[in-house]
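Shown next: structure-v1.cif, containing mmCIF, C-alpha atoms; chains and numbers go by the auth columns.
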```
data_input
#
loop_
_atom_site.group_PDB
_atom_site.id
_atom_site.type_symbol
_atom_site.label_atom_id
_atom_site.label_comp_id
_atom_site.label_asym_id
_atom_site.label_seq_id
_atom_site.Cartn_x
_atom_site.Cartn_y
_atom_site.Cartn_z
_atom_site.B_iso_or_equiv
_atom_site.auth_seq_id
_atom_site.auth_asym_id
ATOM 1 C CA MET A 1 245.637 -13.261 -0.854 0.00 1 A
ATOM 2 C CA ALA A 2 242.329 -15.057 -0.415 0.00 2 A
ATOM 3 C CA ASP A 3 239.364 -13.368 -2.092 0.00 3 A
ATOM 4 C CA ASP A 4 237.294 -12.017 0.797 0.00 4 A
ATOM 5 C CA SER A 5 234.353 -10.808 -1.265 0.00 5 A
ATOM 6 C CA ARG A 6 233.311 -13.138 -4.024 0.00 6 A
ATOM 7 C CA SER A 7 230.146 -13.293 -6.065 0.00 7 A
ATOM 8 C CA THR A 8 228.088 -16.454 -5.795 0.00 8 A
ATOM 9 C CA ASP A 9 224.872 -17.932 -7.107 0.00 9 A
ATOM 10 C CA LYS A 10 222.203 -16.676 -4.726 0.00 10 A
ATOM 11 C CA ASN A 11 220.510 -20.069 -4.836 0.00 11 A
ATOM 12 C CA ALA A 12 223.704 -21.957 -3.992 0.00 12 A
ATOM 13 C CA PHE A 13 223.276 -22.125 -0.221 0.00 13 A
ATOM 14 C CA GLY A 14 220.195 -24.050 0.760 0.00 14 A
ATOM 15 C CA SER A 15 221.802 -25.328 3.953 0.00 15 A
ATOM 16 C CA TYR A 16 224.398 -24.027 6.391 0.00 16 A
ATOM 17 C CA ALA A 17 226.251 -25.468 9.399 0.00 17 A
ATOM 18 C CA ALA A 18 228.341 -23.399 11.807 0.00 18 A
ATOM 19 C CA ILE A 19 231.159 -24.982 13.792 0.00 19 A
ATOM 20 C CA GLY A 20 233.375 -23.396 16.421 0.00 20 A
ATOM 21 C CA ASP A 21 233.497 -22.161 20.003 0.00 21 A
ATOM 22 C CA SER A 22 231.747 -19.462 22.079 0.00 22 A
ATOM 23 C CA PHE A 23 232.072 -16.874 19.310 0.00 23 A
ATOM 24 C CA THR A 24 230.029 -19.002 16.904 0.00 24 A
ATOM 25 C CA GLU A 25 227.675 -20.289 19.600 0.00 25 A
ATOM 26 C CA GLY A 26 226.764 -16.640 20.151 0.00 26 A
ATOM 27 C CA VAL A 27 227.892 -15.954 23.726 0.00 27 A
ATOM 28 C CA GLY A 28 227.219 -12.326 24.574 0.00 28 A
ATOM 29 C CA ASP A 29 224.031 -12.183 22.504 0.00 29 A
ATOM 30 C CA PRO A 30 221.258 -13.758 24.603 0.00 30 A
ATOM 31 C CA GLY A 31 217.860 -14.409 23.066 0.00 31 A
ATOM 32 C CA PRO A 32 214.497 -14.048 24.824 0.00 32 A
ATOM 33 C CA ASP A 33 214.470 -17.727 25.825 0.00 33 A
ATOM 34 C CA GLY A 34 217.975 -17.561 27.314 0.00 34 A
ATOM 35 C CA THR A 35 219.618 -19.356 24.372 0.00 35 A
ATOM 36 C CA TYR A 36 222.400 -17.413 22.729 0.00 36 A
ATOM 37 C CA VAL A 37 221.734 -16.018 19.259 0.00 37 A
ATOM 38 C CA GLY A 38 224.998 -14.713 17.828 0.00 38 A
ATOM 39 C CA TRP A 39 226.431 -13.843 14.451 0.00 39 A
ATOM 40 C CA ALA A 40 225.997 -17.315 12.907 0.00 40 A
ATOM 41 C CA ASP A 41 222.262 -17.390 13.669 0.00 41 A
ATOM 42 C CA ARG A 42 221.924 -13.871 12.291 0.00 42 A
ATOM 43 C CA PHE A 43 223.944 -14.819 9.217 0.00 43 A
ATOM 44 C CA ALA A 44 221.673 -17.839 8.693 0.00 44 A
ATOM 45 C CA VAL A 45 218.665 -15.509 8.556 0.00 45 A
ATOM 46 C CA LEU A 46 220.370 -13.441 5.858 0.00 46 A
ATOM 47 C CA LEU A 47 221.147 -16.605 3.880 0.00 47 A
ATOM 48 C CA ALA A 48 217.569 -17.836 4.217 0.00 48 A
ATOM 49 C CA ASP A 49 216.248 -14.508 2.940 0.00 49 A
ATOM 50 C CA GLU A 50 218.174 -15.064 -0.297 0.00 50 A
ATOM 51 C CA LEU A 51 216.133 -18.171 -1.138 0.00 51 A
ATOM 52 C CA PRO A 52 212.541 -18.513 -2.273 0.00 52 A
ATOM 53 C CA GLU A 53 210.457 -19.501 0.758 0.00 53 A
ATOM 54 C CA GLN A 54 209.471 -22.835 -0.760 0.00 54 A
ATOM 55 C CA ASP A 55 213.103 -23.937 -1.049 0.00 55 A
ATOM 56 C CA GLY A 56 213.278 -24.635 2.700 0.00 56 A
ATOM 57 C CA PHE A 57 216.598 -23.278 3.933 0.00 57 A
ATOM 58 C CA ARG A 58 218.075 -25.405 6.757 0.00 58 A
ATOM 59 C CA TYR A 59 220.591 -24.474 9.439 0.00 59 A
ATOM 60 C CA ALA A 60 222.640 -26.213 12.152 0.00 60 A
ATOM 61 C CA ASN A 61 224.876 -24.641 14.791 0.00 61 A
ATOM 62 C CA LEU A 62 227.291 -27.172 16.287 0.00 62 A
ATOM 63 C CA ALA A 63 229.480 -24.683 18.165 0.00 63 A
ATOM 64 C CA VAL A 64 230.102 -25.038 21.904 0.00 64 A
ATOM 65 C CA ARG A 65 231.760 -22.466 24.138 0.00 65 A
ATOM 66 C CA GLY A 66 235.247 -23.165 25.447 0.00 66 A
ATOM 67 C CA ARG A 67 236.124 -25.747 22.810 0.00 67 A
ATOM 68 C CA LEU A 68 239.736 -26.059 21.685 0.00 68 A
ATOM 69 C CA LEU A 69 240.636 -26.824 18.075 0.00 69 A
ATOM 70 C CA ASP A 70 241.182 -30.562 18.588 0.00 70 A
ATOM 71 C CA GLN A 71 237.837 -30.852 20.377 0.00 71 A
ATOM 72 C CA ILE A 72 236.069 -29.064 17.527 0.00 72 A
ATOM 73 C CA VAL A 73 237.776 -31.339 15.008 0.00 73 A
ATOM 74 C CA ALA A 74 236.835 -34.461 16.975 0.00 74 A
ATOM 75 C CA GLU A 75 233.271 -33.488 17.876 0.00 75 A
ATOM 76 C CA GLN A 76 231.970 -31.058 15.266 0.00 76 A
ATOM 77 C CA VAL A 77 233.808 -31.670 11.996 0.00 77 A
ATOM 78 C CA PRO A 78 232.548 -35.276 11.625 0.00 78 A
ATOM 79 C CA ARG A 79 228.989 -34.115 12.294 0.00 79 A
ATOM 80 C CA ALA A 80 229.328 -31.312 9.734 0.00 80 A
ATOM 81 C CA LYS A 81 230.580 -33.832 7.174 0.00 81 A
ATOM 82 C CA GLU A 82 227.659 -36.114 7.968 0.00 82 A
ATOM 83 C CA LEU A 83 225.195 -33.257 7.476 0.00 83 A
ATOM 84 C CA ALA A 84 226.993 -32.239 4.218 0.00 84 A
ATOM 85 C CA PRO A 85 225.517 -28.717 3.991 0.00 85 A
ATOM 86 C CA ASP A 86 226.109 -26.335 1.119 0.00 86 A
ATOM 87 C CA LEU A 87 228.040 -23.978 3.416 0.00 87 A
ATOM 88 C CA VAL A 88 230.102 -24.427 6.584 0.00 88 A
ATOM 89 C CA THR A 89 231.682 -21.642 8.621 0.00 89 A
ATOM 90 C CA PHE A 90 234.755 -22.834 10.484 0.00 90 A
ATOM 91 C CA CYS A 91 236.116 -20.645 13.270 0.00 91 A
ATOM 92 C CA ALA A 92 238.537 -22.466 15.559 0.00 92 A
ATOM 93 C CA GLY A 93 241.916 -22.111 17.198 0.00 93 A
ATOM 94 C CA GLY A 94 241.257 -18.917 19.136 0.00 94 A
ATOM 95 C CA ASN A 95 241.031 -20.661 22.494 0.00 95 A
ATOM 96 C CA ASP A 96 244.267 -22.481 21.684 0.00 96 A
ATOM 97 C CA ILE A 97 246.110 -19.306 20.692 0.00 97 A
ATOM 98 C CA ILE A 98 245.310 -17.464 23.946 0.00 98 A
ATOM 99 C CA ARG A 99 246.698 -20.308 26.070 0.00 99 A
ATOM 100 C CA PRO A 100 250.271 -19.831 27.320 0.00 100 A
ATOM 101 C CA GLY A 101 252.931 -21.701 25.421 0.00 101 A
ATOM 102 C CA THR A 102 250.889 -22.611 22.354 0.00 102 A
ATOM 103 C CA ASP A 103 252.552 -22.342 18.954 0.00 103 A
ATOM 104 C CA PRO A 104 250.436 -20.657 16.229 0.00 104 A
ATOM 105 C CA ASP A 105 252.335 -22.599 13.557 0.00 105 A
ATOM 106 C CA ASP A 106 251.339 -25.901 15.154 0.00 106 A
ATOM 107 C CA VAL A 107 247.726 -24.800 15.639 0.00 107 A
ATOM 108 C CA ALA A 108 247.595 -23.744 11.991 0.00 108 A
ATOM 109 C CA GLU A 109 248.865 -27.129 10.793 0.00 109 A
ATOM 110 C CA ARG A 110 246.054 -28.866 12.662 0.00 110 A
ATOM 111 C CA PHE A 111 243.563 -26.299 11.392 0.00 111 A
ATOM 112 C CA GLU A 112 244.645 -26.972 7.802 0.00 112 A
ATOM 113 C CA ARG A 113 244.133 -30.711 8.156 0.00 113 A
ATOM 114 C CA ALA A 114 240.574 -30.030 9.310 0.00 114 A
ATOM 115 C CA VAL A 115 239.938 -27.638 6.408 0.00 115 A
ATOM 116 C CA ALA A 116 241.197 -30.266 3.944 0.00 116 A
ATOM 117 C CA ASP A 117 238.865 -32.815 5.536 0.00 117 A
ATOM 118 C CA LEU A 118 235.856 -30.484 5.429 0.00 118 A
ATOM 119 C CA THR A 119 236.351 -29.282 1.869 0.00 119 A
ATOM 120 C CA SER A 120 236.373 -32.878 0.673 0.00 120 A
ATOM 121 C CA ALA A 121 232.889 -33.502 2.036 0.00 121 A
ATOM 122 C CA VAL A 122 230.838 -30.264 2.051 0.00 122 A
ATOM 123 C CA GLY A 123 230.118 -27.429 -0.322 0.00 123 A
ATOM 124 C CA THR A 124 231.841 -24.167 0.590 0.00 124 A
ATOM 125 C CA VAL A 125 233.948 -23.690 3.743 0.00 125 A
ATOM 126 C CA MET A 126 234.269 -20.141 5.034 0.00 126 A
ATOM 127 C CA VAL A 127 237.130 -19.612 7.492 0.00 127 A
ATOM 128 C CA THR A 128 237.586 -16.726 9.902 0.00 128 A
ATOM 129 C CA THR A 129 240.575 -14.805 11.170 0.00 129 A
ATOM 130 C CA GLY A 130 241.015 -13.647 14.753 0.00 130 A
ATOM 131 C CA PHE A 131 240.136 -10.178 16.021 0.00 131 A
ATOM 132 C CA ASP A 132 242.666 -7.396 16.437 0.00 132 A
ATOM 133 C CA THR A 133 243.130 -7.378 20.234 0.00 133 A
ATOM 134 C CA ARG A 134 245.106 -4.169 20.614 0.00 134 A
ATOM 135 C CA ASP A 135 242.374 -2.650 22.818 0.00 135 A
ATOM 136 C CA VAL A 136 241.417 -5.832 24.699 0.00 136 A
ATOM 137 C CA THR A 137 242.974 -5.592 28.152 0.00 137 A
ATOM 138 C CA LEU A 138 243.304 -9.310 28.745 0.00 138 A
ATOM 139 C CA LEU A 139 244.557 -10.171 25.243 0.00 139 A
ATOM 140 C CA LYS A 140 246.489 -7.208 23.858 0.00 140 A
ATOM 141 C CA HIS A 141 249.836 -8.895 24.602 0.00 141 A
ATOM 142 C CA LEU A 142 248.820 -11.734 22.257 0.00 142 A
ATOM 143 C CA ARG A 143 248.304 -9.462 19.251 0.00 143 A
ATOM 144 C CA GLY A 144 251.428 -10.654 17.414 0.00 144 A
ATOM 145 C CA LYS A 145 250.607 -14.301 18.033 0.00 145 A
ATOM 146 C CA ILE A 146 247.079 -13.810 16.692 0.00 146 A
ATOM 147 C CA ALA A 147 248.414 -11.973 13.635 0.00 147 A
ATOM 148 C CA THR A 148 250.748 -14.892 12.898 0.00 148 A
ATOM 149 C CA TYR A 149 247.850 -17.328 13.094 0.00 149 A
ATOM 150 C CA ASN A 150 245.761 -15.071 10.855 0.00 150 A
ATOM 151 C CA GLY A 151 248.480 -15.173 8.221 0.00 151 A
ATOM 152 C CA HIS A 152 248.347 -18.955 8.251 0.00 152 A
ATOM 153 C CA VAL A 153 244.538 -18.949 8.009 0.00 153 A
ATOM 154 C CA ARG A 154 244.676 -16.734 4.931 0.00 154 A
ATOM 155 C CA ALA A 155 247.286 -18.952 3.281 0.00 155 A
ATOM 156 C CA ILE A 156 245.162 -22.025 4.009 0.00 156 A
ATOM 157 C CA ALA A 157 242.151 -20.253 2.505 0.00 157 A
ATOM 158 C CA ASP A 158 244.144 -19.639 -0.666 0.00 158 A
ATOM 159 C CA ARG A 159 245.138 -23.284 -0.931 0.00 159 A
ATOM 160 C CA TYR A 160 241.594 -24.609 -0.478 0.00 160 A
ATOM 161 C CA ASP A 161 239.669 -21.783 -2.173 0.00 161 A
ATOM 162 C CA CYS A 162 237.843 -20.757 1.000 0.00 162 A
ATOM 163 C CA PRO A 163 236.156 -17.376 1.448 0.00 163 A
ATOM 164 C CA VAL A 164 237.610 -15.498 4.425 0.00 164 A
ATOM 165 C CA LEU A 165 235.618 -13.697 7.101 0.00 165 A
ATOM 166 C CA ASP A 166 238.342 -11.264 8.139 0.00 166 A
ATOM 167 C CA LEU A 167 237.568 -10.157 11.683 0.00 167 A
ATOM 168 C CA TRP A 168 240.921 -8.403 12.104 0.00 168 A
ATOM 169 C CA SER A 169 240.010 -5.787 9.482 0.00 169 A
ATOM 170 C CA LEU A 170 236.461 -5.208 10.768 0.00 170 A
ATOM 171 C CA LYS A 171 237.171 -1.847 12.376 0.00 171 A
ATOM 172 C CA SER A 172 233.695 -1.323 13.819 0.00 172 A
ATOM 173 C CA VAL A 173 234.170 -4.121 16.354 0.00 173 A
ATOM 174 C CA GLN A 174 237.146 -2.325 17.848 0.00 174 A
ATOM 175 C CA ASP A 175 234.659 -0.025 19.596 0.00 175 A
ATOM 176 C CA ARG A 176 234.008 -1.113 23.186 0.00 176 A
ATOM 177 C CA ARG A 177 230.262 -1.134 22.510 0.00 177 A
ATOM 178 C CA ALA A 178 230.794 -4.088 20.173 0.00 178 A
ATOM 179 C CA TRP A 179 231.795 -6.182 23.195 0.00 179 A
ATOM 180 C CA ASP A 180 229.943 -7.749 26.082 0.00 180 A
ATOM 181 C CA ASP A 181 230.664 -6.740 29.666 0.00 181 A
ATOM 182 C CA ASP A 182 233.136 -9.633 29.971 0.00 182 A
ATOM 183 C CA ARG A 183 235.324 -7.998 27.253 0.00 183 A
ATOM 184 C CA LEU A 184 235.913 -11.402 25.669 0.00 184 A
ATOM 185 C CA HIS A 185 232.692 -11.906 23.722 0.00 185 A
ATOM 186 C CA LEU A 186 230.775 -9.702 21.319 0.00 186 A
ATOM 187 C CA SER A 187 227.659 -7.775 22.278 0.00 187 A
ATOM 188 C CA PRO A 188 224.445 -8.222 20.249 0.00 188 A
ATOM 189 C CA GLU A 189 225.449 -5.290 18.041 0.00 189 A
ATOM 190 C CA GLY A 190 228.925 -6.733 17.605 0.00 190 A
ATOM 191 C CA HIS A 191 227.480 -10.078 16.540 0.00 191 A
ATOM 192 C CA THR A 192 225.160 -8.286 14.109 0.00 192 A
ATOM 193 C CA ARG A 193 228.064 -6.511 12.435 0.00 193 A
ATOM 194 C CA VAL A 194 229.975 -9.764 12.008 0.00 194 A
ATOM 195 C CA ALA A 195 226.904 -11.394 10.417 0.00 195 A
ATOM 196 C CA LEU A 196 226.582 -8.529 7.967 0.00 196 A
ATOM 197 C CA ARG A 197 230.256 -8.787 7.065 0.00 197 A
ATOM 198 C CA ALA A 198 229.943 -12.570 6.536 0.00 198 A
ATOM 199 C CA ALA A 199 227.122 -11.928 4.053 0.00 199 A
ATOM 200 C CA GLN A 200 229.237 -9.342 2.250 0.00 200 A
ATOM 201 C CA VAL A 201 232.056 -11.865 1.892 0.00 201 A
ATOM 202 C CA LEU A 202 229.681 -14.043 -0.152 0.00 202 A
ATOM 203 C CA GLY A 203 228.717 -11.120 -2.366 0.00 203 A
ATOM 204 C CA MET A 204 225.284 -10.676 -0.824 0.00 204 A
ATOM 205 C CA ALA A 205 223.497 -7.359 -0.505 0.00 205 A
ATOM 206 C CA VAL A 206 223.093 -6.467 3.172 0.00 206 A
ATOM 207 C CA PRO A 207 220.502 -4.303 4.943 0.00 207 A
ATOM 208 C CA ALA A 208 223.132 -2.250 6.793 0.00 208 A
ATOM 209 C CA ASP A 209 226.822 -1.418 6.594 0.00 209 A
ATOM 210 C CA PRO A 210 228.822 -3.408 9.184 0.00 210 A
ATOM 211 C CA GLU A 211 231.326 -0.558 9.297 0.00 211 A
ATOM 212 C CA GLN A 212 228.680 2.069 10.006 0.00 212 A
ATOM 213 C CA ALA A 213 230.038 4.607 12.479 0.00 213 A
ATOM 214 C CA TRP A 214 228.919 4.302 16.070 0.00 214 A
ATOM 215 C CA PRO A 215 227.045 7.286 17.501 0.00 215 A
ATOM 216 C CA PRO A 216 229.217 9.605 19.558 0.00 216 A
ATOM 217 C CA GLU A 217 229.272 9.023 23.284 0.00 217 A
ATOM 218 C CA PRO A 218 230.291 11.389 26.082 0.00 218 A
ATOM 219 C CA PRO A 219 233.897 11.233 27.289 0.00 219 A
ATOM 220 C CA ARG A 220 234.553 9.000 30.280 0.00 220 A
ATOM 221 C CA GLY A 221 236.525 10.228 33.237 0.00 221 A
ATOM 222 C CA THR A 222 239.448 8.393 34.813 0.00 222 A
ATOM 223 C CA LEU A 223 237.413 7.469 37.896 0.00 223 A
ATOM 224 C CA GLU A 224 234.614 5.984 35.811 0.00 224 A
ATOM 225 C CA VAL A 225 237.061 3.924 33.757 0.00 225 A
ATOM 226 C CA ARG A 226 238.770 2.672 36.921 0.00 226 A
ATOM 227 C CA LYS A 227 235.460 1.659 38.494 0.00 227 A
ATOM 228 C CA ASP A 228 234.550 -0.256 35.329 0.00 228 A
ATOM 229 C CA ASP A 229 237.910 -2.021 35.372 0.00 229 A
ATOM 230 C CA ILE A 230 237.523 -3.057 39.019 0.00 230 A
ATOM 231 C CA HIS A 231 234.018 -4.359 38.367 0.00 231 A
ATOM 232 C CA TRP A 232 235.207 -6.293 35.304 0.00 232 A
ATOM 233 C CA ALA A 233 238.120 -7.856 37.185 0.00 233 A
ATOM 234 C CA LYS A 234 235.854 -8.992 40.037 0.00 234 A
ATOM 235 C CA GLU A 235 232.976 -10.269 37.914 0.00 235 A
ATOM 236 C CA TYR A 236 234.822 -11.781 34.963 0.00 236 A
ATOM 237 C CA LEU A 237 238.616 -11.895 35.209 0.00 237 A
ATOM 238 C CA VAL A 238 238.876 -13.628 38.596 0.00 238 A
ATOM 239 C CA PRO A 239 236.350 -16.378 37.698 0.00 239 A
ATOM 240 C CA TRP A 240 238.079 -16.858 34.319 0.00 240 A
ATOM 241 C CA ILE A 241 241.450 -17.335 36.005 0.00 241 A
ATOM 242 C CA GLY A 242 239.856 -19.661 38.555 0.00 242 A
ATOM 243 C CA ARG A 243 238.472 -21.932 35.820 0.00 243 A
ATOM 244 C CA ARG A 244 241.898 -22.093 34.201 0.00 244 A
ATOM 245 C CA LEU A 245 243.561 -23.060 37.475 0.00 245 A
ATOM 246 C CA ARG A 246 240.967 -25.778 38.109 0.00 246 A
ATOM 247 C CA GLY A 247 241.204 -27.097 34.539 0.00 247 A
ATOM 248 C CA GLU A 248 237.542 -26.299 33.917 0.00 248 A
ATOM 249 C CA SER A 249 235.873 -24.954 30.797 0.00 249 A
ATOM 250 C CA SER A 250 232.815 -22.761 30.387 0.00 250 A
ATOM 251 C CA GLY A 251 231.605 -25.407 27.942 0.00 251 A
ATOM 252 C CA ASP A 252 231.684 -28.328 30.356 0.00 252 A
ATOM 253 C CA HIS A 253 228.303 -30.119 30.175 0.00 253 A
ATOM 254 C CA VAL A 254 227.148 -27.816 27.327 0.00 254 A
ATOM 255 C CA GLU A 255 225.817 -29.334 24.120 0.00 255 A
ATOM 256 C CA ALA A 256 225.342 -27.841 20.672 0.00 256 A
ATOM 257 C CA LYS A 257 222.206 -25.721 20.565 0.00 257 A
ATOM 258 C CA ARG A 258 221.189 -26.796 17.057 0.00 258 A
ATOM 259 C CA PRO A 259 222.770 -30.180 16.215 0.00 259 A
ATOM 260 C CA ASP A 260 220.681 -30.930 13.129 0.00 260 A
ATOM 261 C CA LEU A 261 219.921 -29.091 9.913 0.00 261 A
ATOM 262 C CA MET A 262 216.517 -27.594 10.625 0.00 262 A
ATOM 263 C CA PRO A 263 214.361 -24.914 8.978 0.00 263 A
ATOM 264 C CA LEU A 264 214.634 -21.485 10.568 0.00 264 A
#
```
Just dump the structure as structure tokens.
Amino acid sequence: MADDSRSTDKNAFGSYAAIGDSFTEGVGDPGPDGTYVGWADRFAVLLADELPEQDGFRYANLAVRGRLLDQIVAEQVPRAKELAPDLVTFCAGGNDIIRPGTDPDDVAERFERAVADLTSAVGTVMVTTGFDTRDVTLLKHLRGKIATYNGHVRAIADRYDCPVLDLWSLKSVQDRRAWDDDRLHLSPEGHTRVALRAAQVLGMAVPADPEQAWPPEPPRGTLEVRKDDIHWAKEYLVPWIGRRLRGESSGDHVEAKRPDLMPL
């Protein structure tokens, strides 16, 4: 299996580019100016802290919500190659996998071609698996399909010597408090835990344990759960279905928030 936690030279990563979809853009983790923060931005801060201040760590985030794998490969991979950072995180294919009729084997083949392309032009490429969706109402029926894709991602990581950010095994994000109200994107705390785990994968010391237990919360009654479900369906599920029927994406007319390698 791919080595998920490898030691590395702490001065190896002077630049980092993140590519992907809404997960990597940071949806669910809004900053004070309205721009999403997210795990990749938080991970970049941890990477920057590993370098002497004068070394000038630089970071780009090319991710755009709603993007499918082929769109990421066409739009973001060439830009990442052009920037040629020391580290790239590549999370893609999730939006493809949740679409009806898609084949995880086919998605994985296209993912591997992109990994081969990236590893020929940049330093280290970290890949990510999908989350365990057993407790996600909208996606629990896709759990087997996601697991199949994850197996391919791990095999690809072995072939190209990529560190693996294994989201499936990150148990702390299976708590509902790790997720935004839409139940499809992480909350700020969820994004923070993923960032901490990404740093651990590279052998870095982290300021907190991403698997730290959540504080206990009072039990929720059946009526309260039902009211939450009705609210979620009205506010998030119905609009999501509507966009699918109209062939629209949440990322239409959205551009990358950080298209160049810039100091933090």
For the structure provided, state which residues fall under the PyMOL selection byres ((chain A and resi 134) around 12), and present them as a PyMOL selection string.
chain A and resi 130-133+135-147+168+171+173-176
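For the pair CA of Leu83 in chain A and CA of Ile156 in chain A, the interatomic distance is 23.2 Å.
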Explicit residue set for the PyMOL selection byres ((chain A and resi 64) around 6), as an mmCIF file with C-alpha atoms, in the frame of the given file:
```
data_model
loop_
_atom_site.group_PDB
_atom_site.id
_atom_site.type_symbol
_atom_site.label_atom_id
_atom_site.label_comp_id
_atom_site.auth_asym_id
_atom_site.auth_seq_id
_atom_site.Cartn_x
_atom_site.Cartn_y
_atom_site.Cartn_z
ATOM 1 C CA ASP A 21 233.497 -22.161 20.003
ATOM 2 C CA SER A 22 231.747 -19.462 22.079
ATOM 3 C CA GLU A 25 227.675 -20.289 19.600
ATOM 4 C CA ALA A 63 229.480 -24.683 18.165
ATOM 5 C CA ARG A 65 231.760 -22.466 24.138
ATOM 6 C CA ALA A 256 225.342 -27.841 20.672
#
```
Next on the checklist: So that I can check the surroundings of Ala40 in chain A, please list as a ChimeraX atom specification every protein, DNA and RNA residue that reaches within 7 Å of it, counting all atoms listed in the file and ignoring chain neighbours fewer than 5 positions away.
Outcome noted: /A:18,24,195
Take the residues from that selection and write them out as a short mmCIF file (atom, residue, chain, number, x, y, z; two decimals), in the frame of the given file, keeping C-alpha atoms.
```cif
data_model
loop_
_atom_site.label_atom_id
_atom_site.label_comp_id
_atom_site.auth_asym_id
_atom_site.auth_seq_id
_atom_site.Cartn_x
_atom_site.Cartn_y
_atom_site.Cartn_z
CA ALA A 18 228.34 -23.40 11.81
CA THR A 24 230.03 -19.00 16.90
CA ALA A 195 226.90 -11.39 10.42
#
```
I want to know what sits within 6 Å of Thr129 in chain A, based on only C-alpha atoms, with residues of the same chain fewer than 6 positions away left out; could you give that as a short mmCIF file (atom, residue, chain, number, x, y, z; two decimals) with C-alpha atoms, keeping the file's coordinate frame?
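Output (out-v7.cif):
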```cif
data_model
loop_
_atom_site.label_atom_id
_atom_site.label_comp_id
_atom_site.auth_asym_id
_atom_site.auth_seq_id
_atom_site.Cartn_x
_atom_site.Cartn_y
_atom_site.Cartn_z
CA ASN A 150 245.76 -15.07 10.86
CA ASP A 166 238.34 -11.26 8.14
CA LEU A 167 237.57 -10.16 11.68
#
```
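From CA of Val27 in chain A back to CA of Asp96 in chain A, the distance works out to 17.7 Å.
In this comparison, which uses all atoms listed in the file, the residue of A:Gly26, A:Arg110, A:Glu224, A:Leu202 approaching Asp180 in chain A most closely is A:Gly26.
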